[in-house]
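**Q** Just passing along the structure, written as structure tokens.
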Amino acid sequence: MVPCLFLRPIDDDHQVGAVVAVHQHAGNYALGKSELAGLEGDPQMAFAAELAESGVPALVPDLLGFEERQRDAVDGRLAENRDAQDLLAGGSTLQGVHTRDIAMATSWLEACDDVTGPLGIVGHSLGGQVGLFNLACDPRLRAGVLSCGIGTLESFEREGISHNPAWFVPNLRKAGDVHLVAQAIENQRVLIVAGQEDPLFPFQDVQSLVSSFREGVADFVSFDGGHAFPSAQRGHAVSWLKASLIAAQPTP
């Protein structure tokens, strides 16, 4: 079971599809879906609530290890690493579990009587990372916003940057690094938001990764700042996502 919050617009008459909103990591395992809904944590992360206020329903799940799915309230990082190791030993990956759980949330939206129109995804940091993999694996997601959440494994190793263990999918770097994931996204729209001084995702490598998307797939917005999702960029992301979902509506 994946605990979720479903944020619905007050005025359903202007509903435009729906999105899965994926929370950040930030080393805070006590928070997940509640932060995106604006109930706790950083107000800058309440973009699911902003989407619902703008007319786009948002389903917000807890990823494995966070909030209601905490594995160890005393040492969440140890529990996350243990989960990743156990999954690898069993022939799976933590990224695979995240991708499966978001696919389950997407299926729920697809079957929901209260949802009309195309589906999308939005996430910041870990949420952007998970959004990238789900867009590559799930064509039901017609559009996605990835904020400060994509980079290359080569850059992480080169710069000595520590990331969450879900990034490290066996053989991915050998097969083409995260460029391979970007190239798997077809007939979908992606908005990538990146801070030029983000210490977790070297900006030049993000630019290189953006260029790996197929022609016509990716839009890129950078800002003068670090690992954040500022108000101006969130506002643009909400508008962009709504417009992309409208454009993805099937022709009558």
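In the structure tokens, the first chain shown is A, the next is B, and so on; residue numbers restart at 1 for each chain, and ligands run from 1 in the order shown.
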Range 157-208 of chain A: which residues are strand (DSSP E or B) by DSSP, as a list in words?
**A** Arg189, Val190, Leu191, Ile192, Val193, Ala194 and Gly195 of chain A
**Q** I'd like the neighbourhood of range 164-176 of chain A as a PyMOL selection string, where a residue qualifies if any of its atoms comes within 8 Å (using only C-alpha atoms), though same-chain residues fewer than 5 positions away should be ignored.
**A** chain A and resi 80-81+84+93-95+126+129+153-154
**Q** Mind dumping the selected residues with N, CA and C atoms as a PDB file, in the first residue's frame?
**A**
```pdb
ATOM      1  N   GLU A  80      17.249   3.467   4.557  1.00  0.00           N
ATOM      2  CA  GLU A  80      17.204   3.636   3.098  1.00  0.00           C
ATOM      3  C   GLU A  80      18.320   2.837   2.428  1.00  0.00           C
ATOM      4  N   ASN A  81      19.525   2.934   2.980  1.00  0.00           N
ATOM      5  CA  ASN A  81      20.650   2.187   2.412  1.00  0.00           C
ATOM      6  C   ASN A  81      20.441   0.685   2.538  1.00  0.00           C
ATOM      7  N   ALA A  84      18.012  -0.389  -0.130  1.00  0.00           N
ATOM      8  CA  ALA A  84      18.661  -0.414  -1.439  1.00  0.00           C
ATOM      9  C   ALA A  84      19.536  -1.657  -1.589  1.00  0.00           C
ATOM     10  N   THR A  93      15.910  -2.893  -7.599  1.00  0.00           N
ATOM     11  CA  THR A  93      16.580  -1.653  -7.215  1.00  0.00           C
ATOM     12  C   THR A  93      15.593  -0.762  -6.472  1.00  0.00           C
ATOM     13  N   LEU A  94      16.131   0.162  -5.693  1.00  0.00           N
ATOM     14  CA  LEU A  94      15.288   1.133  -5.009  1.00  0.00           C
ATOM     15  C   LEU A  94      14.612   2.053  -6.031  1.00  0.00           C
ATOM     16  N   GLN A  95      15.342   2.417  -7.090  1.00  0.00           N
ATOM     17  CA  GLN A  95      14.708   3.224  -8.137  1.00  0.00           C
ATOM     18  C   GLN A  95      13.545   2.467  -8.775  1.00  0.00           C
ATOM     19  N   LEU A 126      14.717  14.655  -5.316  1.00  0.00           N
ATOM     20  CA  LEU A 126      14.386  13.241  -5.483  1.00  0.00           C
ATOM     21  C   LEU A 126      13.131  13.077  -6.337  1.00  0.00           C
ATOM     22  N   GLN A 129      14.082  13.386  -9.945  1.00  0.00           N
ATOM     23  CA  GLN A 129      14.765  12.145 -10.341  1.00  0.00           C
ATOM     24  C   GLN A 129      13.750  11.044 -10.637  1.00  0.00           C
ATOM     25  N   LEU A 153      25.521  10.375 -13.661  1.00  0.00           N
ATOM     26  CA  LEU A 153      26.319   9.598 -12.715  1.00  0.00           C
ATOM     27  C   LEU A 153      27.800   9.953 -12.840  1.00  0.00           C
ATOM     28  N   GLU A 154      28.237  10.239 -14.059  1.00  0.00           N
ATOM     29  CA  GLU A 154      29.632  10.628 -14.271  1.00  0.00           C
ATOM     30  C   GLU A 154      29.970  11.879 -13.480  1.00  0.00           C
TER      31      GLU A 154
END
```
**Q** Rank nothing, just name the residue among A:Asp83, A:Glu50, A:Asp72, A:Glu35 nearest to Ala237 in chain A, using only C-alpha atoms.
**A**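 For Ala237 in chain A, the nearest of the given residues is A:Glu50.
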**Q** List every residue of range 114-166 of chain A that has an atom at most 10 Å from any atom of range 197-211 of chain A, giving for each one its closest atom pair and the distance in Å to one decimal, counting only C-alpha atoms, sorted by chain and then by ascending residue number, as a Markdown table.
**A**
```
| residue | atom | partner | partner_atom | distance |
| --- | --- | --- | --- | --- |
| A:Ser125 | CA | A:Leu200 | CA | 9.3 |
| A:Cys148 | CA | A:Phe201 | CA | 7.4 |
| A:Gly149 | CA | A:Phe201 | CA | 7.6 |
| A:Ile150 | CA | A:Val206 | CA | 6.7 |
| A:Gly151 | CA | A:Val206 | CA | 5.3 |
| A:Thr152 | CA | A:Asp205 | CA | 6.6 |
| A:Leu153 | CA | A:Asp205 | CA | 9.8 |
| A:Glu154 | CA | A:Asp205 | CA | 8.9 |
| A:Ser155 | CA | A:Asp205 | CA | 6.7 |
| A:Phe156 | CA | A:Phe201 | CA | 7.7 |
| A:Glu159 | CA | A:Pro202 | CA | 8.4 |
| A:Gly160 | CA | A:Leu200 | CA | 9.8 |
| A:Ile161 | CA | A:Leu200 | CA | 6.5 |
| A:Ser162 | CA | A:Leu200 | CA | 8.0 |
| A:His163 | CA | A:Leu200 | CA | 7.9 |
```
**Q** Rounded to one decimal in Å, what is the spacing between CA of Phe66 in chain A and CA of Ser34 in chain A?
**A**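 Computing it gives 10.4 Å between the two atoms.
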**Q** A:Asp86, A:Asp219, A:Glu53, A:Asp224: which is nearest Ser244 in chain A, counting only C-alpha atoms?
**A**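 With only C-alpha atoms as the atom set, the closest residue is A:Asp219.
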**Q** If we count only C-alpha atoms, what is near Ile192 in chain A at a cut-off of 7 Å, once residues fewer than 3 positions away on the same chain are taken out, given as an mmCIF file with C-alpha atoms, in the first residue's frame?
**A**
```cif
data_model
loop_
_atom_site.group_PDB
_atom_site.id
_atom_site.type_symbol
_atom_site.label_atom_id
_atom_site.label_comp_id
_atom_site.auth_asym_id
_atom_site.auth_seq_id
_atom_site.Cartn_x
_atom_site.Cartn_y
_atom_site.Cartn_z
ATOM 1 C CA VAL A 145 8.220 19.054 -14.583
ATOM 2 C CA LEU A 146 11.612 18.062 -13.157
ATOM 3 C CA SER A 147 13.014 20.618 -10.707
ATOM 4 C CA ASP A 219 12.112 22.852 -22.392
ATOM 5 C CA PHE A 220 14.838 24.176 -20.094
ATOM 6 C CA VAL A 221 14.611 26.970 -17.531
#
```
**Q** Can you tell me which residues surround Pro61 in chain A at a distance of at most 9 Å, considering only C-alpha atoms, apart from same-chain residues fewer than 3 positions away, and format the answer as an mmCIF file with C-alpha atoms, in the first residue's frame?
**A**
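Final output, selection.cif:
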```
data_model
loop_
_atom_site.group_PDB
_atom_site.id
_atom_site.type_symbol
_atom_site.label_atom_id
_atom_site.label_comp_id
_atom_site.auth_asym_id
_atom_site.auth_seq_id
_atom_site.Cartn_x
_atom_site.Cartn_y
_atom_site.Cartn_z
ATOM 1 C CA VAL A 2 1.205 3.505 -0.852
ATOM 2 C CA PRO A 3 -0.261 6.257 1.382
ATOM 3 C CA CYS A 4 -1.300 9.309 -0.660
ATOM 4 C CA LEU A 5 -3.061 12.631 -0.407
ATOM 5 C CA PHE A 6 -5.399 13.640 -3.240
ATOM 6 C CA VAL A 20 1.330 12.845 -9.612
ATOM 7 C CA ALA A 21 3.442 15.129 -7.404
ATOM 8 C CA VAL A 22 6.621 13.599 -5.950
ATOM 9 C CA HIS A 23 8.325 14.926 -2.838
ATOM 10 C CA GLY A 32 6.853 13.306 2.277
ATOM 11 C CA LYS A 33 3.392 13.994 0.922
ATOM 12 C CA ASP A 101 4.930 3.014 -6.800
ATOM 13 C CA ILE A 102 4.488 6.085 -9.008
ATOM 14 C CA ALA A 105 -0.397 6.131 -8.374
#
```
**Q** CA of Leu64 in chain A and CA of Arg77 in chain A, how far apart in Å?
**A**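 Going from CA of Arg77 in chain A over to CA of Leu64 in chain A covers 11.8 Å.
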**Q** Could you pull the residues within 12 Å of Gln44 in chain A, counting only C-alpha atoms, minus those fewer than 3 positions along the same chain, as a list in words?
**A**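 With the cut-off at 12 Å, the set is His23, Gln24, Glu35, Leu36, Ala37, Gly38, Leu39, Glu40, Gly41, Phe47, Ala48, Ala49, Glu50, His124, His227, Ala228, Phe229, Pro230, Ser231, Ala232, Gln233, Arg234 and Gly235 of chain A.
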**Q** Deliver the residues from the most recent selection as a file, using N, CA and C atoms, as an mmCIF file, in the first residue's frame.
**A**
```cif
data_model
loop_
_atom_site.group_PDB
_atom_site.id
_atom_site.type_symbol
_atom_site.label_atom_id
_atom_site.label_comp_id
_atom_site.auth_asym_id
_atom_site.auth_seq_id
_atom_site.Cartn_x
_atom_site.Cartn_y
_atom_site.Cartn_z
ATOM 1 N N HIS A 23 7.624 14.095 -3.825
ATOM 2 C CA HIS A 23 8.325 14.926 -2.838
ATOM 3 C C HIS A 23 9.838 14.827 -2.952
ATOM 4 N N GLN A 24 10.500 15.756 -2.262
ATOM 5 C CA GLN A 24 11.955 15.794 -2.202
ATOM 6 C C GLN A 24 12.493 14.791 -1.171
ATOM 7 N N GLU A 35 4.433 17.698 3.000
ATOM 8 C CA GLU A 35 5.142 18.920 2.632
ATOM 9 C C GLU A 35 4.621 19.476 1.313
ATOM 10 N N LEU A 36 4.371 18.616 0.338
ATOM 11 C CA LEU A 36 3.876 19.079 -0.948
ATOM 12 C C LEU A 36 2.454 19.620 -0.851
ATOM 13 N N ALA A 37 1.705 19.119 0.118
ATOM 14 C CA ALA A 37 0.345 19.598 0.331
ATOM 15 C C ALA A 37 0.306 20.877 1.159
ATOM 16 N N GLY A 38 1.459 21.342 1.647
ATOM 17 C CA GLY A 38 1.518 22.567 2.430
ATOM 18 C C GLY A 38 1.101 22.392 3.868
ATOM 19 N N LEU A 39 1.071 21.167 4.356
ATOM 20 C CA LEU A 39 0.651 20.903 5.724
ATOM 21 C C LEU A 39 1.795 21.008 6.718
ATOM 22 N N GLU A 40 3.016 20.729 6.249
ATOM 23 C CA GLU A 40 4.201 20.766 7.105
ATOM 24 C C GLU A 40 5.398 21.157 6.248
ATOM 25 N N GLY A 41 6.508 21.467 6.924
ATOM 26 C CA GLY A 41 7.767 21.651 6.225
ATOM 27 C C GLY A 41 7.910 22.975 5.498
ATOM 28 N N PHE A 47 4.061 22.722 -3.860
ATOM 29 C CA PHE A 47 3.616 22.920 -5.241
ATOM 30 C C PHE A 47 2.420 22.048 -5.602
ATOM 31 N N ALA A 48 2.161 20.974 -4.864
ATOM 32 C CA ALA A 48 0.949 20.197 -5.130
ATOM 33 C C ALA A 48 -0.289 21.011 -4.767
ATOM 34 N N ALA A 49 -0.214 21.736 -3.650
ATOM 35 C CA ALA A 49 -1.323 22.609 -3.264
ATOM 36 C C ALA A 49 -1.508 23.722 -4.287
ATOM 37 N N GLU A 50 -0.407 24.258 -4.805
ATOM 38 C CA GLU A 50 -0.496 25.311 -5.819
ATOM 39 C C GLU A 50 -1.126 24.792 -7.101
ATOM 40 N N HIS A 124 10.455 17.702 -7.279
ATOM 41 C CA HIS A 124 11.667 18.469 -6.980
ATOM 42 C C HIS A 124 12.696 17.554 -6.339
ATOM 43 N N HIS A 227 19.979 24.766 -5.016
ATOM 44 C CA HIS A 227 19.068 23.622 -5.019
ATOM 45 C C HIS A 227 17.742 24.075 -4.409
ATOM 46 N N ALA A 228 16.861 24.609 -5.255
ATOM 47 C CA ALA A 228 15.639 25.233 -4.762
ATOM 48 C C ALA A 228 14.571 25.194 -5.842
ATOM 49 N N PHE A 229 13.364 25.580 -5.452
ATOM 50 C CA PHE A 229 12.247 25.692 -6.385
ATOM 51 C C PHE A 229 11.532 26.997 -6.066
ATOM 52 N N PRO A 230 12.144 28.114 -6.469
ATOM 53 C CA PRO A 230 11.628 29.443 -6.077
ATOM 54 C C PRO A 230 10.239 29.717 -6.643
ATOM 55 N N SER A 231 9.603 30.721 -6.086
ATOM 56 C CA SER A 231 8.225 31.057 -6.440
ATOM 57 C C SER A 231 8.052 31.310 -7.932
ATOM 58 N N ALA A 232 8.952 32.066 -8.540
ATOM 59 C CA ALA A 232 8.819 32.390 -9.962
ATOM 60 C C ALA A 232 8.885 31.134 -10.811
ATOM 61 N N GLN A 233 9.790 30.217 -10.457
ATOM 62 C CA GLN A 233 9.924 28.986 -11.227
ATOM 63 C C GLN A 233 8.728 28.049 -10.991
ATOM 64 N N ARG A 234 8.210 28.040 -9.770
ATOM 65 C CA ARG A 234 7.021 27.214 -9.508
ATOM 66 C C ARG A 234 5.825 27.738 -10.293
ATOM 67 N N GLY A 235 5.660 29.063 -10.310
ATOM 68 C CA GLY A 235 4.561 29.645 -11.060
ATOM 69 C C GLY A 235 4.653 29.306 -12.534
#
```
**Q** Just how far from CA of Leu63 in chain A is CA of Gly90 in chain A, in Å to one decimal?
**A**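 Value for the CA of Gly90 in chain A-CA of Leu63 in chain A distance: 19.6 Å.
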**Q** Residues of range 20-220 of chain A classed as alpha helix (DSSP H) by DSSP on the backbone are to be reported as a PyMOL selection string.
**A** chain A and resi 33-36+47-54+76-89+94-111+126-137+153-159+172-175+178-183+203-210
**Q** Do you know which residues are at most 8 Å from Asn134 in chain A counting only C-alpha atoms, after dropping those on the same chain fewer than 4 positions away, and could you put them as a PDB file with C-alpha atoms, in the first residue's frame?
**A**
```pdb
ATOM      1  CA  THR A  99       9.069   3.813 -10.313  1.00  0.00           C
ATOM      2  CA  ILE A 102       4.488   6.085  -9.008  1.00  0.00           C
ATOM      3  CA  ALA A 103       3.111   3.854 -11.770  1.00  0.00           C
ATOM      4  CA  VAL A 130      11.821   9.786  -9.902  1.00  0.00           C
ATOM      5  CA  ASP A 138       5.342   5.185 -18.580  1.00  0.00           C
ATOM      6  CA  LEU A 141       2.421  10.491 -18.375  1.00  0.00           C
TER       7      LEU A 141
END
```
**Q** What's the 10 Å shell around Lys242 in chain A, counting only C-alpha atoms, without same-chain residues fewer than 2 positions away, as a ChimeraX atom specification?
**A** /A:15-19,51,54-56,120,143,236-240,244-248
